[in-house]
Amino acid sequence: MDFLCRFGYDRGVRVGVAPEETAVLIGWKKRSDNHALTRMKAEAILYASEGVRTGIIAKIV
């Protein structure tokens, strides 16, 4: 990952998410059942919609 980041491949991804979609994603992120992959994907989409760089998202999620 460091190799790609040094050469500008971690510019970040901006994702447009409507307020209704944000509410649904937050609901999925807060669930405590055994849908771990879905929760992590929802969290990653929320971070991307806030302009967080992909390298940071990968470390968090």
# chains A, B, ... in the order shown; residues from 1 in each chain; ligands from 1

$ residues_around --residues "Lys59 (chain A)" --least-positions-apart "6" --cutoff "12 Å" --atoms "only C-alpha atoms" --output "ChimeraX atom specification"
/A:1,40,44,47,52-53

$ write_last_selection --atoms "N, CA, C and O atoms" --output "PDB file, in the first residue's frame"
ATOM      1  N   MET A   1       0.820  -1.188   0.000  1.00  0.00           N
ATOM      2  CA  MET A   1       0.000   0.000   0.000  1.00  0.00           C
ATOM      3  C   MET A   1       0.864   1.253   0.000  1.00  0.00           C
ATOM      4  O   MET A   1       0.557   2.213  -0.664  1.00  0.00           O
ATOM      5  N   MET A  40     -19.249  -3.351   7.569  1.00  0.00           N
ATOM      6  CA  MET A  40     -17.981  -2.742   7.160  1.00  0.00           C
ATOM      7  C   MET A  40     -18.122  -1.988   5.843  1.00  0.00           C
ATOM      8  O   MET A  40     -17.547  -0.911   5.674  1.00  0.00           O
ATOM      9  N   ALA A  44     -17.483   1.976   5.212  1.00  0.00           N
ATOM     10  CA  ALA A  44     -16.569   2.457   4.179  1.00  0.00           C
ATOM     11  C   ALA A  44     -17.251   3.469   3.259  1.00  0.00           C
ATOM     12  O   ALA A  44     -16.657   4.490   2.898  1.00  0.00           O
ATOM     13  N   TYR A  47     -17.576   6.795   5.132  1.00  0.00           N
ATOM     14  CA  TYR A  47     -16.293   7.509   5.168  1.00  0.00           C
ATOM     15  C   TYR A  47     -15.975   8.126   3.813  1.00  0.00           C
ATOM     16  O   TYR A  47     -15.524   9.270   3.734  1.00  0.00           O
ATOM     17  N   VAL A  52     -12.939  10.966   3.104  1.00  0.00           N
ATOM     18  CA  VAL A  52     -11.796  10.316   3.739  1.00  0.00           C
ATOM     19  C   VAL A  52     -11.024   9.538   2.671  1.00  0.00           C
ATOM     20  O   VAL A  52     -11.619   8.889   1.812  1.00  0.00           O
ATOM     21  N   ARG A  53      -9.711   9.614   2.724  1.00  0.00           N
ATOM     22  CA  ARG A  53      -8.869   8.931   1.733  1.00  0.00           C
ATOM     23  C   ARG A  53      -9.014   7.418   1.840  1.00  0.00           C
ATOM     24  O   ARG A  53      -9.254   6.878   2.918  1.00  0.00           O
TER      25      ARG A  53
END

$ residues_around --residues "Thr22 (chain A)" --least-positions-apart "2" --cutoff "12 Å" --atoms "only C-alpha atoms" --output "PDB file with C-alpha atoms, in the first residue's frame"
ATOM      1  CA  VAL A  15     -19.081   9.350  -3.089  1.00  0.00           C
ATOM      2  CA  GLY A  16     -22.394  11.196  -3.284  1.00  0.00           C
ATOM      3  CA  VAL A  17     -24.838   9.923  -0.674  1.00  0.00           C
ATOM      4  CA  ALA A  18     -28.316  11.377  -0.177  1.00  0.00           C
ATOM      5  CA  PRO A  19     -29.527  12.061   3.378  1.00  0.00           C
ATOM      6  CA  GLU A  20     -31.971   9.136   3.181  1.00  0.00           C
ATOM      7  CA  VAL A  24     -29.873   3.644   6.006  1.00  0.00           C
ATOM      8  CA  LEU A  25     -26.079   3.220   6.003  1.00  0.00           C
ATOM      9  CA  ILE A  26     -25.816   4.438   9.599  1.00  0.00           C
ATOM     10  CA  GLY A  27     -28.514   1.917  10.536  1.00  0.00           C
ATOM     11  CA  TRP A  28     -26.503  -0.890   8.931  1.00  0.00           C
ATOM     12  CA  LYS A  29     -23.292   0.309  10.577  1.00  0.00           C
ATOM     13  CA  ALA A  42     -21.650   0.625   4.996  1.00  0.00           C
ATOM     14  CA  GLU A  43     -18.946   2.207   7.142  1.00  0.00           C
ATOM     15  CA  ALA A  44     -16.569   2.457   4.179  1.00  0.00           C
ATOM     16  CA  ILE A  45     -19.239   4.152   2.039  1.00  0.00           C
ATOM     17  CA  LEU A  46     -19.976   6.644   4.814  1.00  0.00           C
ATOM     18  CA  TYR A  47     -16.293   7.509   5.168  1.00  0.00           C
ATOM     19  CA  ALA A  48     -15.918   7.885   1.398  1.00  0.00           C
ATOM     20  CA  SER A  49     -18.920  10.214   1.308  1.00  0.00           C
ATOM     21  CA  GLU A  50     -17.141  12.438   3.829  1.00  0.00           C
TER      22      GLU A  50
END

$ select_by_dssp --residues "region 15-60 of chain A" --states "alpha helix (DSSP H)" --output "PyMOL selection string"
chain A and resi 19-30+36-49+54-60

$ write_last_selection --atoms "N, CA and C atoms" --output "JSON list (two decimals), in the first residue's frame"
[["chain", "number", "residue", "atom", "x", "y", "z"],
["A", 19, "PRO", "N", -29.24, 12.17, 1.94],
["A", 19, "PRO", "CA", -29.53, 12.06, 3.38],
["A", 19, "PRO", "C", -30.28, 10.78, 3.75],
["A", 20, "GLU", "N", -31.22, 10.37, 2.90],
["A", 20, "GLU", "CA", -31.97, 9.14, 3.18],
["A", 20, "GLU", "C", -31.04, 7.93, 3.14],
["A", 21, "GLU", "N", -30.11, 7.93, 2.19],
["A", 21, "GLU", "CA", -29.16, 6.83, 2.09],
["A", 21, "GLU", "C", -28.21, 6.82, 3.28],
["A", 22, "THR", "N", -27.81, 8.00, 3.72],
["A", 22, "THR", "CA", -26.94, 8.10, 4.89],
["A", 22, "THR", "C", -27.62, 7.48, 6.11],
["A", 23, "ALA", "N", -28.90, 7.75, 6.28],
["A", 23, "ALA", "CA", -29.64, 7.18, 7.41],
["A", 23, "ALA", "C", -29.66, 5.65, 7.35],
["A", 24, "VAL", "N", -29.86, 5.11, 6.17],
["A", 24, "VAL", "CA", -29.87, 3.64, 6.01],
["A", 24, "VAL", "C", -28.49, 3.07, 6.30],
["A", 25, "LEU", "N", -27.44, 3.71, 5.77],
["A", 25, "LEU", "CA", -26.08, 3.22, 6.00],
["A", 25, "LEU", "C", -25.70, 3.28, 7.48],
["A", 26, "ILE", "N", -26.09, 4.34, 8.16],
["A", 26, "ILE", "CA", -25.82, 4.44, 9.60],
["A", 26, "ILE", "C", -26.55, 3.33, 10.35],
["A", 27, "GLY", "N", -27.77, 3.02, 9.93],
["A", 27, "GLY", "CA", -28.51, 1.92, 10.54],
["A", 27, "GLY", "C", -27.79, 0.59, 10.37],
["A", 28, "TRP", "N", -27.25, 0.35, 9.17],
["A", 28, "TRP", "CA", -26.50, -0.89, 8.93],
["A", 28, "TRP", "C", -25.21, -0.91, 9.73],
["A", 29, "LYS", "N", -24.56, 0.24, 9.84],
["A", 29, "LYS", "CA", -23.29, 0.31, 10.58],
["A", 29, "LYS", "C", -23.49, -0.02, 12.05],
["A", 30, "LYS", "N", -24.65, 0.36, 12.63],
["A", 30, "LYS", "CA", -24.90, 0.17, 14.06],
["A", 30, "LYS", "C", -25.47, -1.20, 14.40],
["A", 36, "ALA", "N", -21.35, -8.84, 9.41],
["A", 36, "ALA", "CA", -20.15, -8.01, 9.60],
["A", 36, "ALA", "C", -19.69, -7.37, 8.30],
["A", 37, "LEU", "N", -19.69, -8.11, 7.21],
["A", 37, "LEU", "CA", -19.22, -7.56, 5.94],
["A", 37, "LEU", "C", -20.10, -6.41, 5.48],
["A", 38, "THR", "N", -21.40, -6.54, 5.64],
["A", 38, "THR", "CA", -22.32, -5.47, 5.27],
["A", 38, "THR", "C", -22.08, -4.24, 6.12],
["A", 39, "ARG", "N", -21.85, -4.43, 7.42],
["A", 39, "ARG", "CA", -21.57, -3.30, 8.31],
["A", 39, "ARG", "C", -20.29, -2.59, 7.90],
["A", 40, "MET", "N", -19.25, -3.35, 7.57],
["A", 40, "MET", "CA", -17.98, -2.74, 7.16],
["A", 40, "MET", "C", -18.12, -1.99, 5.84],
["A", 41, "LYS", "N", -18.89, -2.53, 4.91],
["A", 41, "LYS", "CA", -19.10, -1.84, 3.63],
["A", 41, "LYS", "C", -19.88, -0.55, 3.84],
["A", 42, "ALA", "N", -20.89, -0.58, 4.70],
["A", 42, "ALA", "CA", -21.65, 0.63, 5.00],
["A", 42, "ALA", "C", -20.74, 1.69, 5.61],
["A", 43, "GLU", "N", -19.87, 1.27, 6.51],
["A", 43, "GLU", "CA", -18.95, 2.21, 7.14],
["A", 43, "GLU", "C", -17.99, 2.80, 6.11],
["A", 44, "ALA", "N", -17.48, 1.98, 5.21],
["A", 44, "ALA", "CA", -16.57, 2.46, 4.18],
["A", 44, "ALA", "C", -17.25, 3.47, 3.26],
["A", 45, "ILE", "N", -18.50, 3.22, 2.90],
["A", 45, "ILE", "CA", -19.24, 4.15, 2.04],
["A", 45, "ILE", "C", -19.45, 5.47, 2.76],
["A", 46, "LEU", "N", -19.78, 5.41, 4.04],
["A", 46, "LEU", "CA", -19.98, 6.64, 4.81],
["A", 46, "LEU", "C", -18.69, 7.46, 4.88],
["A", 47, "TYR", "N", -17.58, 6.80, 5.13],
["A", 47, "TYR", "CA", -16.29, 7.51, 5.17],
["A", 47, "TYR", "C", -15.97, 8.13, 3.81],
["A", 48, "ALA", "N", -16.20, 7.37, 2.74],
["A", 48, "ALA", "CA", -15.92, 7.88, 1.40],
["A", 48, "ALA", "C", -16.79, 9.09, 1.08],
["A", 49, "SER", "N", -18.03, 9.08, 1.57],
["A", 49, "SER", "CA", -18.92, 10.21, 1.31],
["A", 49, "SER", "C", -18.48, 11.47, 2.04],
["A", 54, "THR", "N", -8.83, 6.73, 0.72],
["A", 54, "THR", "CA", -9.01, 5.29, 0.68],
["A", 54, "THR", "C", -8.01, 4.55, 1.57],
["A", 55, "GLY", "N", -6.81, 5.06, 1.71],
["A", 55, "GLY", "CA", -5.83, 4.43, 2.59],
["A", 55, "GLY", "C", -6.27, 4.45, 4.05],
["A", 56, "ILE", "N", -6.87, 5.55, 4.45],
["A", 56, "ILE", "CA", -7.38, 5.67, 5.83],
["A", 56, "ILE", "C", -8.57, 4.74, 6.00],
["A", 57, "ILE", "N", -9.46, 4.70, 5.02],
["A", 57, "ILE", "CA", -10.63, 3.81, 5.10],
["A", 57, "ILE", "C", -10.17, 2.36, 5.23],
["A", 58, "ALA", "N", -9.17, 1.97, 4.45],
["A", 58, "ALA", "CA", -8.67, 0.60, 4.51],
["A", 58, "ALA", "C", -8.12, 0.27, 5.88],
["A", 59, "LYS", "N", -7.45, 1.19, 6.51],
["A", 59, "LYS", "CA", -6.90, 0.94, 7.84],
["A", 59, "LYS", "C", -8.00, 0.85, 8.89],
["A", 60, "ILE", "N", -9.03, 1.66, 8.76],
["A", 60, "ILE", "CA", -10.11, 1.69, 9.75],
["A", 60, "ILE", "C", -11.01, 0.47, 9.61]]
